[in-house]
Amino acid sequence: MTEIESAKKTPRRPSPSPGSATATERPAPMARLVGVDLARALAVFGMFAVHVGPAPTPGGGVGDWFLELASGRASALFATLAGFSLMLIAGRLEPKTGLAGRQAKARIVIRAVILLVLGSALAMTIFGGAGILNFYAVYFLLALPLLRLRARTLAIIAVTLAVVTPQVAYVTRALLTESIVHSIDSYDPIARISGVGVLDLLLTGLYPAITWMTFVVTGMTLGRLDLSSGAVRRRLAVVGPALIAFGYGVSWLVLRLTGGAQKIMAGMAGMPAMKDPGAMKDPGMAAGSFDSPVGGGLWGPDAWGLLAAEPHSGSTFDLIGSIGIAITVLLCLTVALDRLSWLRRLATPIIAVGTMSLTLYVGHILVILALPGEAATPPQSASAALLLCFIVGATVFAAVWSRFFRRGPLEYLLNGATKLANRVR
């Protein structure tokens, strides 16, 4: 949820020597960052759709398809872009070293602390564990040892996490009992204050770091790539759709050939309430999907969930498919804005949303909390009309604010706090 640093303030890289690989293909930093901002804006709208939009109707029209697509994938895109933003702080194509590297890490730590406090404060409301900011804080801290790695190494780590962590998460959750969880939470000051503690942030929450670091590391990989390079774009144009086809296609085929889909649905129908019901009020739940972390809860759901690719299932197939969507969205927007100047002008108000995503994310939660209804997500007034109001309201606010200020309100505060990192020596 961190803001994109202005491309104009990005230090210039040394001019490449004649004949070098970068001599003929100069990066287009402005186009690249604008593409990221637009992708983040779409993720913001996706979160709006999940939180205040109507529940999608199975087999419905295009609108229902978009609502279903937003469920889980919007937050996954957010996490991927968070990893990208980390590289804007730590050094885009070349990692910062020495004093600059230490100060970059200090900025990330400061952001993590602020996001943890802000996210925990939101978790103390009826919104509960549905917020992602406190999870972001953990992602940032876990990413610190990876900041200087090259794109290839980061990609290998992301693939390894996608393959290994869902199984590790399932086994670990299966070993947990309610008494163990209550004992851990009783000694956890964060859990005692906000109800969403370290165990939730790492393992049992809606966006557990154990599996969601896959998205963050993927974003870090993309951040280390020169997205203005034709060769990089061509590779990503193959990788993104291939991951989508594999993640969702293979899962769909295997579950239906083995009868696993019916078993998962039956298991979810008889499953007790989650530890934090407020964290699972996703429209997909009402539609009967298996929108629950694999091995989530404390009652050991069927291991068939390891083959599911549904939103928030936390399976390998879910991670791979969501990564494919994030890569494809970012690539398409980057290329489109790079080649179509009229599209950039037309999308300027929406791009402004992406530049102040932290402000609008927190703002939309506060508005939801002010709406009538017992549940925070979605409120009783959830509808297509309410969703449209949120999207239009956020766009108008961002467009007007950006005419007078370079950053959103919370982004200004966050940027000011990170200036403390300049004292690091």
# chains A, B, ... in the order shown; residues from 1 in each chain; ligands from 1
>>> residues_around(residues="stretch 187-194 of chain A", least_positions_apart="4", cutoff="12 Å", atoms="only C-alpha atoms", output="JSON, numbers by chain")
{"A": [116, 117, 118, 119, 120, 121, 122, 123, 124, 125, 126, 127, 128, 129, 131, 134, 180, 181, 182, 183, 198, 199, 200, 201, 205, 276]}
>>> closest_atom_pairs(of="stretch 145-246 of chain A", to="stretch 307-326 of chain A", cutoff="10 Å", atoms="only C-alpha atoms", output="CSV")
residue,atom,partner,partner_atom,distance
A:Ala158,CA,A:Ile323,CA,9.8
A:Val159,CA,A:Ile320,CA,8.5
A:Leu161,CA,A:Thr316,CA,8.8
A:Ala162,CA,A:Thr316,CA,5.4
A:Val163,CA,A:Thr316,CA,5.6
A:Val164,CA,A:Thr316,CA,7.9
A:Thr165,CA,A:Thr316,CA,8.0
A:Pro166,CA,A:Ser315,CA,5.2
A:Gln167,CA,A:Ser315,CA,7.8
A:Ala169,CA,A:Gly314,CA,8.6
A:Tyr170,CA,A:Ser315,CA,9.0
A:Leu206,CA,A:His312,CA,7.1
A:Tyr207,CA,A:His312,CA,7.6
A:Pro208,CA,A:Gly314,CA,8.7
A:Ile210,CA,A:Gly314,CA,9.5
A:Thr211,CA,A:Gly314,CA,6.5
A:Trp212,CA,A:Gly314,CA,8.0
A:Thr214,CA,A:Leu319,CA,7.3
A:Phe215,CA,A:Ile323,CA,6.5
A:Val216,CA,A:Ile323,CA,9.9
A:Thr218,CA,A:Ile323,CA,7.4
A:Gly219,CA,A:Ala326,CA,8.8
A:Leu236,CA,A:Gly324,CA,9.3
A:Ala237,CA,A:Gly324,CA,9.9
A:Val238,CA,A:Gly324,CA,9.8
A:Val239,CA,A:Gly324,CA,7.2
A:Gly240,CA,A:Gly324,CA,4.2
A:Pro241,CA,A:Gly324,CA,6.0
A:Ala242,CA,A:Gly324,CA,7.2
A:Leu243,CA,A:Gly324,CA,4.7
A:Ile244,CA,A:Gly321,CA,4.3
A:Ala245,CA,A:Gly321,CA,7.2
A:Phe246,CA,A:Gly321,CA,7.0
>>> residues_around(residues="A:Ser381", least_positions_apart="5", cutoff="10 Å", atoms="only C-alpha atoms", output="PyMOL selection string")
chain A and resi 52-54+368+371-373+386-387
>>> atom_distance(atom1="atom CA of A:Pro95", atom2="atom CA of A:Leu225")
11.8 Å
>>> closest_residue(among="A:Leu255, A:Leu86, A:Leu413, A:Ala155", to="A:Tyr139", atoms="only C-alpha atoms")
A:Leu86
